[in-house]
file input_38.pdb (PDB, C-alpha atoms and all ligand atoms)
ATOM      1  CA  MET T  23     -51.059 115.816 -10.229
ATOM      2  CA  ILE T  24     -47.805 113.964 -10.884
ATOM      3  CA  ARG T  25     -48.225 110.386  -9.756
ATOM      4  CA  THR T  26     -45.708 107.748  -8.744
ATOM      5  CA  ASP T  27     -45.591 104.346 -10.456
ATOM      6  CA  MET T  28     -47.233 102.874  -7.363
ATOM      7  CA  GLU T  29     -50.108 105.366  -7.684
ATOM      8  CA  LEU T  30     -50.421 104.703 -11.408
ATOM      9  CA  LYS T  31     -50.616 100.983 -10.714
ATOM     10  CA  GLU T  32     -53.404 101.571  -8.210
ATOM     11  CA  LEU T  33     -55.191 103.906 -10.613
ATOM     12  CA  THR T  34     -55.028 101.239 -13.337
ATOM     13  CA  ASN T  35     -56.560  98.687 -10.984
ATOM     14  CA  GLU T  36     -59.334 101.073  -9.934
ATOM     15  CA  ILE T  37     -60.272 101.891 -13.523
ATOM     16  CA  CYS T  38     -60.219  98.200 -14.506
ATOM     17  CA  GLU T  39     -62.475  97.378 -11.564
ATOM     18  CA  PHE T  40     -64.834 100.155 -12.705
ATOM     19  CA  ILE T  41     -64.918  98.769 -16.268
ATOM     20  CA  ARG T  42     -65.683  95.234 -15.062
ATOM     21  CA  GLU T  43     -68.475  96.544 -12.837
ATOM     22  CA  GLN T  44     -70.072  98.457 -15.706
ATOM     23  CA  VAL T  45     -70.010  95.444 -18.009
ATOM     24  CA  GLU T  46     -71.150  92.954 -15.362
ATOM     25  CA  ASN T  47     -73.970  95.179 -14.064
ATOM     26  CA  ALA T  48     -75.307  95.458 -17.613
ATOM     27  CA  ASN T  49     -75.052  91.689 -18.142
ATOM     28  CA  ALA T  50     -72.950  92.518 -21.172
ATOM     29  CA  LYS T  51     -70.153  90.418 -22.614
ATOM     30  CA  GLY T  52     -67.565  93.038 -23.438
ATOM     31  CA  ALA T  53     -66.911  96.505 -24.770
ATOM     32  CA  VAL T  54     -66.447  98.283 -28.060
ATOM     33  CA  VAL T  55     -64.313 101.375 -28.660
ATOM     34  CA  GLY T  56     -63.596 103.630 -31.616
ATOM     35  CA  LEU T  57     -59.869 103.502 -32.362
ATOM     36  CA  SER T  58     -58.767 106.862 -33.783
ATOM     37  CA  GLY T  59     -55.058 106.266 -33.362
ATOM     38  CA  GLY T  60     -55.012 109.054 -30.747
ATOM     39  CA  ILE T  61     -53.857 108.753 -27.163
ATOM     40  CA  ASP T  62     -57.289 108.712 -25.480
ATOM     41  CA  SER T  63     -58.790 105.829 -27.438
ATOM     42  CA  SER T  64     -55.489 103.926 -27.357
ATOM     43  CA  LEU T  65     -55.370 104.172 -23.569
ATOM     44  CA  VAL T  66     -59.016 103.127 -23.331
ATOM     45  CA  ALA T  67     -58.287 100.043 -25.466
ATOM     46  CA  TYR T  68     -55.336  99.103 -23.241
ATOM     47  CA  LEU T  69     -57.475  99.449 -20.101
ATOM     48  CA  LEU T  70     -60.430  97.539 -21.569
ATOM     49  CA  VAL T  71     -58.155  94.638 -22.465
ATOM     50  CA  ARG T  72     -56.648  94.580 -18.970
ATOM     51  CA  ALA T  73     -60.099  94.634 -17.429
ATOM     52  CA  LEU T  74     -62.035  92.308 -19.709
ATOM     53  CA  GLY T  75     -59.489  90.239 -21.655
ATOM     54  CA  LYS T  76     -58.609  90.728 -25.311
ATOM     55  CA  GLU T  77     -61.336  88.385 -26.557
ATOM     56  CA  ASN T  78     -64.029  90.672 -25.074
ATOM     57  CA  VAL T  79     -62.935  93.951 -26.666
ATOM     58  CA  PHE T  80     -63.780  95.109 -30.175
ATOM     59  CA  GLY T  81     -62.156  98.075 -31.926
ATOM     60  CA  LEU T  82     -63.586 100.104 -34.787
ATOM     61  CA  ILE T  83     -61.325 102.178 -36.999
ATOM     62  CA  MET T  84     -63.500 104.683 -38.867
ATOM     63  CA  PRO T  85     -61.556 106.929 -41.237
ATOM     64  CA  GLU T  86     -63.012 109.207 -43.903
ATOM     65  CA  LYS T  87     -61.514 110.486 -47.133
ATOM     66  CA  ASN T  88     -59.681 113.389 -45.460
ATOM     67  CA  SER T  89     -58.309 111.435 -42.473
ATOM     68  CA  ASN T  90     -54.581 111.384 -41.893
ATOM     69  CA  PRO T  91     -53.405 107.864 -42.931
ATOM     70  CA  LYS T  92     -51.035 107.909 -39.945
ATOM     71  CA  ASP T  93     -54.045 107.759 -37.610
ATOM     72  CA  GLU T  94     -55.393 104.608 -39.218
ATOM     73  CA  LYS T  95     -51.912 103.098 -38.978
ATOM     74  CA  HIS T  96     -51.793 103.910 -35.257
ATOM     75  CA  GLY T  97     -55.295 102.494 -34.718
ATOM     76  CA  LYS T  98     -54.195  99.221 -36.329
ATOM     77  CA  LEU T  99     -50.970  99.220 -34.343
ATOM     78  CA  VAL T 100     -52.938  99.350 -31.074
ATOM     79  CA  ALA T 101     -55.431  96.683 -32.149
ATOM     80  CA  GLU T 102     -52.637  94.368 -33.301
ATOM     81  CA  LYS T 103     -50.417  94.939 -30.267
ATOM     82  CA  LEU T 104     -53.363  94.119 -28.014
ATOM     83  CA  GLY T 105     -54.555  91.230 -30.202
ATOM     84  CA  ILE T 106     -58.184  92.397 -30.235
ATOM     85  CA  ASN T 107     -60.725  91.887 -33.006
ATOM     86  CA  TYR T 108     -61.274  95.029 -35.050
ATOM     87  CA  SER T 109     -62.702  96.268 -38.290
ATOM     88  CA  ILE T 110     -62.173  99.242 -40.540
ATOM     89  CA  PHE T 111     -65.284 101.149 -41.568
ATOM     90  CA  ASP T 112     -64.890 104.110 -43.934
ATOM     91  CA  ILE T 113     -67.564 106.691 -43.063
ATOM     92  CA  THR T 114     -67.162 108.706 -46.305
ATOM     93  CA  PRO T 115     -70.192 107.136 -48.058
ATOM     94  CA  VAL T 116     -72.318 107.893 -44.976
ATOM     95  CA  LEU T 117     -71.196 111.537 -45.033
ATOM     96  CA  VAL T 118     -72.138 111.646 -48.697
ATOM     97  CA  ALA T 119     -75.529 110.061 -47.933
ATOM     98  CA  PHE T 120     -76.081 112.860 -45.398
ATOM     99  CA  ASP T 121     -75.397 115.405 -48.162
ATOM    100  CA  ALA T 122     -72.558 116.757 -46.022
ATOM    101  CA  GLY T 123     -70.671 119.901 -46.968
ATOM    102  CA  GLY T 124     -67.172 119.123 -48.196
ATOM    103  CA  TYR T 125     -68.261 115.619 -49.238
ATOM    104  CA  VAL T 126     -70.823 116.500 -51.884
ATOM    105  CA  LEU T 127     -69.900 118.506 -54.957
ATOM    106  CA  GLY T 128     -70.718 122.200 -54.615
ATOM    107  CA  LYS T 129     -71.531 122.105 -50.894
ATOM    108  CA  GLU T 130     -69.168 123.993 -48.639
ATOM    109  CA  PHE T 131     -67.872 122.338 -45.470
ATOM    110  CA  ASP T 132     -69.309 123.851 -42.262
ATOM    111  CA  LYS T 133     -67.057 123.202 -39.261
ATOM    112  CA  ARG T 134     -69.904 122.949 -36.784
ATOM    113  CA  SER T 135     -72.593 120.922 -38.538
ATOM    114  CA  ASP T 136     -70.417 118.908 -40.933
ATOM    115  CA  GLY T 137     -67.623 118.506 -38.382
ATOM    116  CA  ASN T 138     -69.945 117.176 -35.663
ATOM    117  CA  LEU T 139     -71.676 114.848 -38.100
ATOM    118  CA  LYS T 140     -68.576 112.618 -38.188
ATOM    119  CA  PRO T 141     -68.540 111.698 -34.469
ATOM    120  CA  ARG T 142     -72.321 111.176 -34.623
ATOM    121  CA  ILE T 143     -71.948 108.713 -37.498
ATOM    122  CA  ARG T 144     -69.150 106.915 -35.618
ATOM    123  CA  MET T 145     -71.313 106.690 -32.492
ATOM    124  CA  THR T 146     -74.098 105.059 -34.540
ATOM    125  CA  LYS T 147     -71.720 102.421 -35.888
ATOM    126  CA  LEU T 148     -70.325 101.750 -32.385
ATOM    127  CA  TYR T 149     -73.857 101.128 -31.068
ATOM    128  CA  TYR T 150     -74.693  98.962 -34.082
ATOM    129  CA  GLU T 151     -71.771  96.670 -33.221
ATOM    130  CA  ALA T 152     -72.474  96.831 -29.470
ATOM    131  CA  ASN T 153     -76.089  95.721 -30.041
ATOM    132  CA  LYS T 154     -74.985  92.781 -32.178
ATOM    133  CA  LYS T 155     -72.399  91.533 -29.709
ATOM    134  CA  ASN T 156     -74.129  92.445 -26.426
ATOM    135  CA  TYR T 157     -71.213  94.765 -25.645
ATOM    136  CA  LEU T 158     -71.212  98.231 -24.060
ATOM    137  CA  VAL T 159     -69.735 101.312 -25.733
ATOM    138  CA  SER T 160     -66.809 102.866 -23.919
ATOM    139  CA  GLY T 161     -66.407 106.591 -24.416
ATOM    140  CA  THR T 162     -62.905 108.047 -24.505
ATOM    141  CA  SER T 163     -63.434 111.629 -23.270
ATOM    142  CA  ASN T 164     -61.211 112.769 -20.422
ATOM    143  CA  LYS T 165     -62.025 115.179 -17.580
ATOM    144  CA  SER T 166     -60.410 118.184 -19.309
ATOM    145  CA  GLU T 167     -62.572 117.655 -22.418
ATOM    146  CA  ILE T 168     -65.700 117.033 -20.364
ATOM    147  CA  TYR T 169     -65.271 120.291 -18.388
ATOM    148  CA  MET T 170     -64.728 122.255 -21.603
ATOM    149  CA  GLY T 171     -67.558 120.560 -23.518
ATOM    150  CA  TYR T 172     -64.883 119.630 -26.024
ATOM    151  CA  GLY T 173     -66.725 116.779 -27.673
ATOM    152  CA  THR T 174     -69.810 116.297 -29.811
ATOM    153  CA  LYS T 175     -73.071 115.857 -27.931
ATOM    154  CA  HIS T 176     -74.454 112.408 -28.811
ATOM    155  CA  GLY T 177     -71.345 111.899 -30.919
ATOM    156  CA  ASP T 178     -68.113 110.902 -29.208
ATOM    157  CA  LEU T 179     -69.848 111.915 -25.938
ATOM    158  CA  GLY T 180     -72.545 109.308 -26.625
ATOM    159  CA  CYS T 181     -71.478 106.174 -24.775
ATOM    160  CA  ASP T 182     -72.312 103.827 -21.898
ATOM    161  CA  PHE T 183     -69.404 104.694 -19.637
ATOM    162  CA  LEU T 184     -66.396 106.988 -19.668
ATOM    163  CA  THR T 185     -63.253 105.022 -18.907
ATOM    164  CA  LEU T 186     -61.119 108.189 -18.625
ATOM    165  CA  GLY T 187     -63.825 110.450 -17.179
ATOM    166  CA  ASN T 188     -61.913 111.035 -13.964
ATOM    167  CA  LEU T 189     -58.530 111.804 -15.541
ATOM    168  CA  PHE T 190     -57.223 115.139 -16.768
ATOM    169  CA  LYS T 191     -55.500 115.014 -20.170
ATOM    170  CA  THR T 192     -52.098 115.364 -18.503
ATOM    171  CA  GLU T 193     -52.945 112.320 -16.370
ATOM    172  CA  VAL T 194     -53.969 110.444 -19.514
ATOM    173  CA  ARG T 195     -50.421 111.078 -20.756
ATOM    174  CA  GLN T 196     -48.873 109.854 -17.507
ATOM    175  CA  LEU T 197     -50.935 106.670 -17.492
ATOM    176  CA  SER T 198     -50.215 106.065 -21.190
ATOM    177  CA  ASN T 199     -46.494 106.303 -20.510
ATOM    178  CA  TYR T 200     -46.846 103.948 -17.566
ATOM    179  CA  LEU T 201     -48.757 101.375 -19.667
ATOM    180  CA  GLU T 202     -46.182 101.719 -22.455
ATOM    181  CA  ILE T 203     -48.455 102.862 -25.226
ATOM    182  CA  PRO T 204     -46.341 103.415 -28.372
ATOM    183  CA  ARG T 205     -44.379 106.685 -28.187
ATOM    184  CA  GLU T 206     -45.500 107.895 -31.605
ATOM    185  CA  ILE T 207     -49.100 107.881 -30.359
ATOM    186  CA  ILE T 208     -48.317 109.642 -27.066
ATOM    187  CA  GLU T 209     -46.296 112.350 -28.770
ATOM    188  CA  LYS T 210     -48.831 113.227 -31.483
ATOM    189  CA  ALA T 211     -50.657 116.560 -31.115
ATOM    190  CA  PRO T 212     -54.190 115.828 -29.847
ATOM    191  CA  SER T 213     -56.753 116.386 -32.598
ATOM    192  CA  ALA T 214     -60.423 115.624 -33.122
ATOM    193  CA  GLY T 215     -59.609 115.297 -36.843
ATOM    194  CA  LEU T 216     -62.825 117.057 -37.841
ATOM    195  CA  TRP T 217     -61.090 119.332 -40.368
ATOM    196  CA  GLU T 218     -57.626 119.784 -41.781
ATOM    197  CA  GLY T 219     -55.139 121.293 -39.354
ATOM    198  CA  GLN T 220     -57.478 121.092 -36.337
ATOM    199  CA  THR T 221     -55.755 120.611 -32.977
ATOM    200  CA  ASP T 222     -57.370 120.575 -29.527
ATOM    201  CA  GLU T 223     -54.958 123.132 -28.102
ATOM    202  CA  GLY T 224     -55.346 125.448 -31.116
ATOM    203  CA  GLU T 225     -59.146 125.362 -30.900
ATOM    204  CA  LEU T 226     -59.291 125.641 -27.109
ATOM    205  CA  GLY T 227     -56.715 128.431 -27.174
ATOM    206  CA  ILE T 228     -54.672 126.987 -24.307
ATOM    207  CA  THR T 229     -52.305 124.078 -23.693
ATOM    208  CA  TYR T 230     -53.624 121.076 -21.780
ATOM    209  CA  GLU T 231     -50.725 121.556 -19.363
ATOM    210  CA  LYS T 232     -52.024 125.000 -18.370
ATOM    211  CA  LEU T 233     -55.715 124.126 -18.637
ATOM    212  CA  ASP T 234     -55.348 121.154 -16.301
ATOM    213  CA  GLN T 235     -53.558 123.269 -13.706
ATOM    214  CA  ILE T 236     -56.442 125.750 -13.837
ATOM    215  CA  LEU T 237     -59.121 123.052 -13.623
ATOM    216  CA  ASN T 238     -57.315 121.341 -10.779
ATOM    217  CA  LEU T 239     -57.204 124.548  -8.724
ATOM    218  CA  MET T 240     -60.844 125.274  -9.566
ATOM    219  CA  GLU T 241     -61.808 121.832  -8.273
ATOM    220  CA  LYS T 242     -59.976 122.680  -5.066
ATOM    221  CA  GLY T 243     -62.222 125.735  -4.676
ATOM    222  CA  LYS T 244     -59.602 128.428  -5.400
ATOM    223  CA  GLU T 245     -60.839 131.866  -6.471
ATOM    224  CA  ILE T 246     -60.478 132.949 -10.115
ATOM    225  CA  GLU T 247     -58.306 135.933  -9.179
ATOM    226  CA  ASP T 248     -55.949 133.726  -7.162
ATOM    227  CA  ILE T 249     -55.645 131.155  -9.950
ATOM    228  CA  SER T 250     -55.019 133.934 -12.458
ATOM    229  CA  GLU T 251     -52.208 135.348 -10.369
ATOM    230  CA  PHE T 252     -50.719 132.029  -9.280
ATOM    231  CA  LEU T 253     -50.610 130.562 -12.809
ATOM    232  CA  ASN T 254     -49.997 133.836 -14.617
ATOM    233  CA  VAL T 255     -53.147 133.544 -16.732
ATOM    234  CA  SER T 256     -55.083 136.699 -17.615
ATOM    235  CA  ILE T 257     -58.454 137.312 -15.982
ATOM    236  CA  GLU T 258     -59.946 137.482 -19.507
ATOM    237  CA  LYS T 259     -58.708 133.970 -20.257
ATOM    238  CA  MET T 260     -60.014 132.726 -16.919
ATOM    239  CA  LEU T 261     -63.454 134.207 -17.668
ATOM    240  CA  GLU T 262     -63.429 132.686 -21.144
ATOM    241  CA  ILE T 263     -62.773 129.255 -19.612
ATOM    242  CA  MET T 264     -65.471 129.702 -16.946
ATOM    243  CA  THR T 265     -68.007 130.742 -19.592
ATOM    244  CA  ARG T 266     -67.100 127.768 -21.731
ATOM    245  CA  ILE T 267     -67.534 125.403 -18.780
ATOM    246  CA  SER T 268     -70.946 126.749 -17.816
ATOM    247  CA  SER T 269     -72.334 126.972 -21.346
ATOM    248  CA  ASN T 270     -71.336 123.356 -22.028
ATOM    249  CA  LYS T 271     -72.728 121.841 -18.807
ATOM    250  CA  HIS T 272     -75.746 120.594 -20.771
ATOM    251  CA  LYS T 273     -73.466 118.008 -22.419
ATOM    252  CA  SER T 274     -72.724 116.113 -19.234
ATOM    253  CA  ILE T 275     -75.940 116.259 -17.231
ATOM    254  CA  PRO T 276     -79.101 114.145 -17.568
ATOM    255  CA  ILE T 277     -81.466 115.423 -20.263
ATOM    256  CA  PRO T 278     -83.893 117.993 -18.771
ATOM    257  CA  MET T 279     -87.541 117.010 -18.332
ATOM    258  CA  PRO T 280     -90.468 119.111 -17.225
TER     259      PRO T 280
HETATM  260  N1  LIG T 301     -77.921 125.224 -23.018
HETATM  261  C1  LIG T 301     -78.213 124.141 -23.753
HETATM  262  N2  LIG T 301     -79.030 123.189 -23.259
HETATM  263  C2  LIG T 301     -79.306 122.085 -23.985
HETATM  264  N3  LIG T 301     -78.775 121.825 -25.210
HETATM  265  C3  LIG T 301     -77.970 122.748 -25.745
HETATM  266  C4  LIG T 301     -77.648 123.938 -25.045
HETATM  267  N4  LIG T 301     -76.807 124.659 -25.814
HETATM  268  C5  LIG T 301     -76.614 123.952 -26.951
HETATM  269  N5  LIG T 301     -77.321 122.790 -26.932
HETATM  270  C6  LIG T 301     -77.349 121.727 -27.960
HETATM  271  O1  LIG T 301     -76.014 121.307 -28.202
HETATM  272  C7  LIG T 301     -75.675 121.479 -29.574
HETATM  273  C8  LIG T 301     -74.211 121.935 -29.662
HETATM  274  O2  LIG T 301     -73.351 120.954 -29.177
HETATM  275  P1  LIG T 301     -72.473 120.088 -30.190
HETATM  276  O3  LIG T 301     -73.332 119.562 -31.282
HETATM  277  O4  LIG T 301     -71.662 119.125 -29.413
HETATM  278  O5  LIG T 301     -71.523 121.190 -30.907
HETATM  279  P2  LIG T 301     -70.431 122.238 -30.406
HETATM  280  O6  LIG T 301     -70.344 122.288 -28.948
HETATM  281  O7  LIG T 301     -70.692 123.498 -31.125
HETATM  282  O8  LIG T 301     -69.108 121.665 -31.036
HETATM  283  C9  LIG T 301     -68.397 120.547 -30.539
HETATM  284  C10 LIG T 301     -67.004 120.928 -30.129
HETATM  285  O9  LIG T 301     -66.339 119.774 -29.673
HETATM  286  C11 LIG T 301     -65.163 119.565 -30.439
HETATM  287  N6  LIG T 301     -64.980 118.111 -30.603
HETATM  288  C12 LIG T 301     -65.969 117.357 -31.173
HETATM  289  C13 LIG T 301     -65.797 116.000 -31.321
HETATM  290  C14 LIG T 301     -64.632 115.400 -30.890
HETATM  291  C15 LIG T 301     -63.666 116.193 -30.287
HETATM  292  C16 LIG T 301     -62.398 115.551 -29.852
HETATM  293  O10 LIG T 301     -61.664 116.101 -29.034
HETATM  294  O11 LIG T 301     -62.154 114.468 -30.387
HETATM  295  C17 LIG T 301     -63.856 117.553 -30.150
HETATM  296  C18 LIG T 301     -65.393 120.267 -31.748
HETATM  297  O12 LIG T 301     -64.190 120.554 -32.423
HETATM  298  C19 LIG T 301     -66.162 121.490 -31.281
HETATM  299  O13 LIG T 301     -65.294 122.454 -30.770
HETATM  300  C20 LIG T 301     -76.663 122.501 -30.115
HETATM  301  O14 LIG T 301     -76.871 122.304 -31.505
HETATM  302  C21 LIG T 301     -77.903 122.201 -29.288
HETATM  303  O15 LIG T 301     -78.609 121.120 -29.870
HETATM  304  N1  LIG T 302     -61.063 107.782 -37.272
HETATM  305  C1  LIG T 302     -61.652 107.332 -36.159
HETATM  306  N2  LIG T 302     -61.899 106.011 -36.022
HETATM  307  C2  LIG T 302     -62.460 105.533 -34.900
HETATM  308  N3  LIG T 302     -62.804 106.281 -33.859
HETATM  309  C3  LIG T 302     -62.581 107.600 -33.936
HETATM  310  C4  LIG T 302     -61.989 108.206 -35.085
HETATM  311  N4  LIG T 302     -61.873 109.527 -34.849
HETATM  312  C5  LIG T 302     -62.368 109.739 -33.606
HETATM  313  N5  LIG T 302     -62.781 108.589 -33.053
HETATM  314  C6  LIG T 302     -63.358 108.371 -31.709
HETATM  315  O1  LIG T 302     -63.654 109.652 -31.142
HETATM  316  C7  LIG T 302     -62.916 109.805 -29.932
HETATM  317  C8  LIG T 302     -62.659 111.246 -29.623
HETATM  318  O2  LIG T 302     -61.541 111.716 -30.301
HETATM  319  P1  LIG T 302     -60.322 112.438 -29.545
HETATM  320  O3  LIG T 302     -59.538 113.084 -30.627
HETATM  321  O4  LIG T 302     -60.828 113.253 -28.422
HETATM  322  O5  LIG T 302     -59.506 111.252 -28.882
HETATM  323  P2  LIG T 302     -58.200 110.526 -29.401
HETATM  324  O6  LIG T 302     -58.096 110.670 -30.882
HETATM  325  O7  LIG T 302     -58.298 109.127 -28.901
HETATM  326  O8  LIG T 302     -57.022 111.269 -28.667
HETATM  327  P3  LIG T 302     -56.253 112.622 -29.076
HETATM  328  O9  LIG T 302     -56.725 113.604 -28.075
HETATM  329  O10 LIG T 302     -54.829 112.241 -28.938
HETATM  330  O11 LIG T 302     -56.606 113.016 -30.463
HETATM  331  C9  LIG T 302     -61.691 108.940 -30.136
HETATM  332  O12 LIG T 302     -61.073 108.647 -28.931
HETATM  333  C10 LIG T 302     -62.311 107.710 -30.815
HETATM  334  O13 LIG T 302     -62.935 106.860 -29.901
HETATM  335 MG    MG T 303     -57.960 112.413 -31.872
END

call {"tool": "encode", "arguments": {"input": "input_38.pdb", "output": "structure tokens"}}
result
Amino acid sequence: MIRTDMELKELTNEICEFIREQVENANAKGAVVGLSGGIDSSLVAYLLVRALGKENVFGLIMPEKNSNPKDEKHGKLVAEKLGINYSIFDITPVLVAFDAGGYVLGKEFDKRSDGNLKPRIRMTKLYYEANKKNYLVSGTSNKSEIYMGYGTKHGDLGCDFLTLGNLFKTEVRQLSNYLEIPREIIEKAPSAGLWEGQTDEGELGITYEKLDQILNLMEKGKEIEDISEFLNVSIEKMLEIMTRISSNKHKSIPIPMP
């Protein structure tokens, strides 16, 4: 999965071509993206600007009262480096209006329902801006997250196209290095920021480095037992990953109809 600079250049061109096609086919004028200050959304912003031009990309920075201020700083850094239009929209009052746990006095925070509410509120704001500007919404999920269902259904997974949908997280890092995204963003631990101390790797129980090796071999049709032995991962862990993949398939397929 390690790519040469030549391959990364080609990959950049392919993704930019894909973005232009999506926007043109929809007769849209540009794209909007939520800027979290993390690596995925930063890379998406860089690619959107390359594909569409800075005047056709809009960034939304949407912190809440418990967000790490560093993330907002990184979101601004990306928007300003790229020279795109952006706005800052604090979602705390919306969480309060939803009577969310942790945001309303006396109501305890529930990781699942209150955590997932945040990406769903952000998605609504992204579509509000997209409607106004005749833009499309670019999602930021990568292939590792999509396999694992590591994203909120109709939240951050709610979008018009997935710019990074064909890249494993480790490839996102390679491409981000190649496109010279600021180091402090690349080196930050990936986090959905849904609660204090949350990290992707902590919640998934595996590093992206290892996960991507597993997923890559699975895509190549290797047997579970062989992957387990080759990568020195227990059969239990392999089964846990397989179960997670199958129980989250509903997030990335068309909605069932009778
Ligand atoms: N088999 C099935 N067929 C059809 N629909 C099914 C279903 N099973 C559940 N559902 C539906 O899906 C819902 C559960 O899915 P969902 O609401 O997404 O919730 P869930 O999968 O429980 O949680 C989302 C996960 O993604 C992580 N996340 C979220 C957002 C951003 C990021 C990030 O990396 O930035 C990570 C988050 O930390 C958490 O681990 C259920 O309430 C139900 O409505
Ligand atoms: N505070 C925020 N402001 C704007 N958008 C946000 C915010 N938090 C999350 N998002 C949106 O939700 C997406 C999913 O978050 P995720 O954490 O997977 O990606 P990331 O933050 O870009 O990268 P990383 O994996 O490094 O944390 C983000 O890419 C971004 O588009
Ligand atoms: Mg993040």

call {"tool": "residues_near_ligand", "arguments": {"input": "input_38.pdb", "ligand": "ligand MG 303 (chain T)", "cutoff": "6 Å", "atoms": "all atoms listed in the file", "output": "PyMOL selection string"}}
result
chain T and resi 58+60+212-215

call {"tool": "write_last_selection", "arguments": {"input": "input_38.pdb", "atoms": "C-alpha atoms", "output": "compact mmCIF listing (two decimals), keeping the file's coordinate frame"}}
result
# COMPACT_ATOMS: atom_id res chain seq x y z
CA SER T 58 -58.77 106.86 -33.78
CA GLY T 60 -55.01 109.05 -30.75
CA PRO T 212 -54.19 115.83 -29.85
CA SER T 213 -56.75 116.39 -32.60
CA ALA T 214 -60.42 115.62 -33.12
CA GLY T 215 -59.61 115.30 -36.84

call {"tool": "residues_near_point", "arguments": {"input": "input_38.pdb", "point": "(-59.9, 118.2, -35.8)", "cutoff": "12 Å", "atoms": "all atoms listed in the file", "output": "ChimeraX atom specification"}}
result
/T:58,60,88-90,133-134,136-138,140-141,172-174,211-226

call {"tool": "residues_near_ligand", "arguments": {"input": "input_38.pdb", "ligand": "ligand LIG 302 (chain T)", "cutoff": "9 Å", "atoms": "only C-alpha atoms and all ligand atoms", "output": "compact mmCIF listing (two decimals) with C-alpha atoms, keeping the file's coordinate frame"}}
result
# COMPACT_ATOMS: atom_id res chain seq x y z
CA VAL T 55 -64.31 101.38 -28.66
CA GLY T 56 -63.60 103.63 -31.62
CA LEU T 57 -59.87 103.50 -32.36
CA SER T 58 -58.77 106.86 -33.78
CA GLY T 59 -55.06 106.27 -33.36
CA GLY T 60 -55.01 109.05 -30.75
CA ILE T 61 -53.86 108.75 -27.16
CA ASP T 62 -57.29 108.71 -25.48
CA SER T 63 -58.79 105.83 -27.44
CA SER T 64 -55.49 103.93 -27.36
CA LEU T 65 -55.37 104.17 -23.57
CA VAL T 66 -59.02 103.13 -23.33
CA GLY T 81 -62.16 98.08 -31.93
CA LEU T 82 -63.59 100.10 -34.79
CA ILE T 83 -61.32 102.18 -37.00
CA MET T 84 -63.50 104.68 -38.87
CA PRO T 85 -61.56 106.93 -41.24
CA GLU T 86 -63.01 109.21 -43.90
CA SER T 89 -58.31 111.44 -42.47
CA ASN T 90 -54.58 111.38 -41.89
CA ASP T 93 -54.04 107.76 -37.61
CA GLU T 94 -55.39 104.61 -39.22
CA GLY T 97 -55.30 102.49 -34.72
CA ILE T 110 -62.17 99.24 -40.54
CA PHE T 111 -65.28 101.15 -41.57
CA ASP T 112 -64.89 104.11 -43.93
CA ILE T 113 -67.56 106.69 -43.06
CA LYS T 140 -68.58 112.62 -38.19
CA PRO T 141 -68.54 111.70 -34.47
CA ARG T 144 -69.15 106.92 -35.62
CA MET T 145 -71.31 106.69 -32.49
CA LEU T 148 -70.32 101.75 -32.38
CA SER T 160 -66.81 102.87 -23.92
CA GLY T 161 -66.41 106.59 -24.42
CA THR T 162 -62.90 108.05 -24.50
CA SER T 163 -63.43 111.63 -23.27
CA ASN T 164 -61.21 112.77 -20.42
CA GLU T 167 -62.57 117.66 -22.42
CA TYR T 172 -64.88 119.63 -26.02
CA GLY T 173 -66.72 116.78 -27.67
CA THR T 174 -69.81 116.30 -29.81
CA GLY T 177 -71.34 111.90 -30.92
CA ASP T 178 -68.11 110.90 -29.21
CA LEU T 179 -69.85 111.92 -25.94
CA LYS T 191 -55.50 115.01 -20.17
CA ILE T 207 -49.10 107.88 -30.36
CA ILE T 208 -48.32 109.64 -27.07
CA GLU T 209 -46.30 112.35 -28.77
CA LYS T 210 -48.83 113.23 -31.48
CA ALA T 211 -50.66 116.56 -31.12
CA PRO T 212 -54.19 115.83 -29.85
CA SER T 213 -56.75 116.39 -32.60
CA ALA T 214 -60.42 115.62 -33.12
CA GLY T 215 -59.61 115.30 -36.84
CA LEU T 216 -62.82 117.06 -37.84
CA THR T 221 -55.76 120.61 -32.98
CA ASP T 222 -57.37 120.58 -29.53

call {"tool": "atom_distance", "arguments": {"input": "input_38.pdb", "atom1": "CA of Ala50 (chain T)", "atom2": "CA of Leu158 (chain T)"}}
result
6.6 Å

call {"tool": "atom_distance", "arguments": {"input": "input_38.pdb", "atom1": "atom C9 of ligand LIG 301 (chain T)", "atom2": "CA of Ile168 (chain T)"}}
result
11.1 Å

call {"tool": "closest_residue", "arguments": {"input": "input_38.pdb", "among": "T:Asn78, T:Ser198, T:Ser166, T:Gln44", "to": "ligand LIG 301 (chain T)", "atoms": "only C-alpha atoms and all ligand atoms"}}
result
T:Ser166

call {"tool": "closest_residue", "arguments": {"input": "input_38.pdb", "among": "T:Lys271, T:Arg195, T:Lys95, T:Lys242", "to": "ligand LIG 301 (chain T)", "atoms": "all atoms listed in the file"}}
result
T:Lys271

call {"tool": "closest_residue", "arguments": {"input": "input_38.pdb", "among": "T:Asn199, T:Gln235, T:Ser135, T:Asn188", "to": "ligand LIG 301 (chain T)", "atoms": "only C-alpha atoms and all ligand atoms"}}
result
T:Ser135

call {"tool": "atom_distance", "arguments": {"input": "input_38.pdb", "atom1": "CA of Leu186 (chain T)", "atom2": "CA of Met240 (chain T)"}}
result
19.3 Å

call {"tool": "closest_residue", "arguments": {"input": "input_38.pdb", "among": "T:Met264, T:Met279, T:Leu239, T:Leu197", "to": "Leu30 (chain T)", "atoms": "all atoms listed in the file"}}
result
T:Leu197

call {"tool": "axis_aligned_box", "arguments": {"input": "input_38.pdb", "around": "region 234-249 of chain T", "padding_each_side": "3 Å", "output": "JSON"}}
result
{"center_x": -57.9, "center_y": 128.5, "center_z": -10.5, "size_x": 14.7, "size_y": 20.8, "size_z": 17.6}

call {"tool": "residues_around", "arguments": {"input": "input_38.pdb", "residues": "Ala122 (chain T)", "least_positions_apart": "3", "cutoff": "10 Å", "atoms": "all atoms listed in the file", "output": "PyMOL selection string"}}
result
chain T and resi 114+116-119+125-127+129-132+135-137+139-140
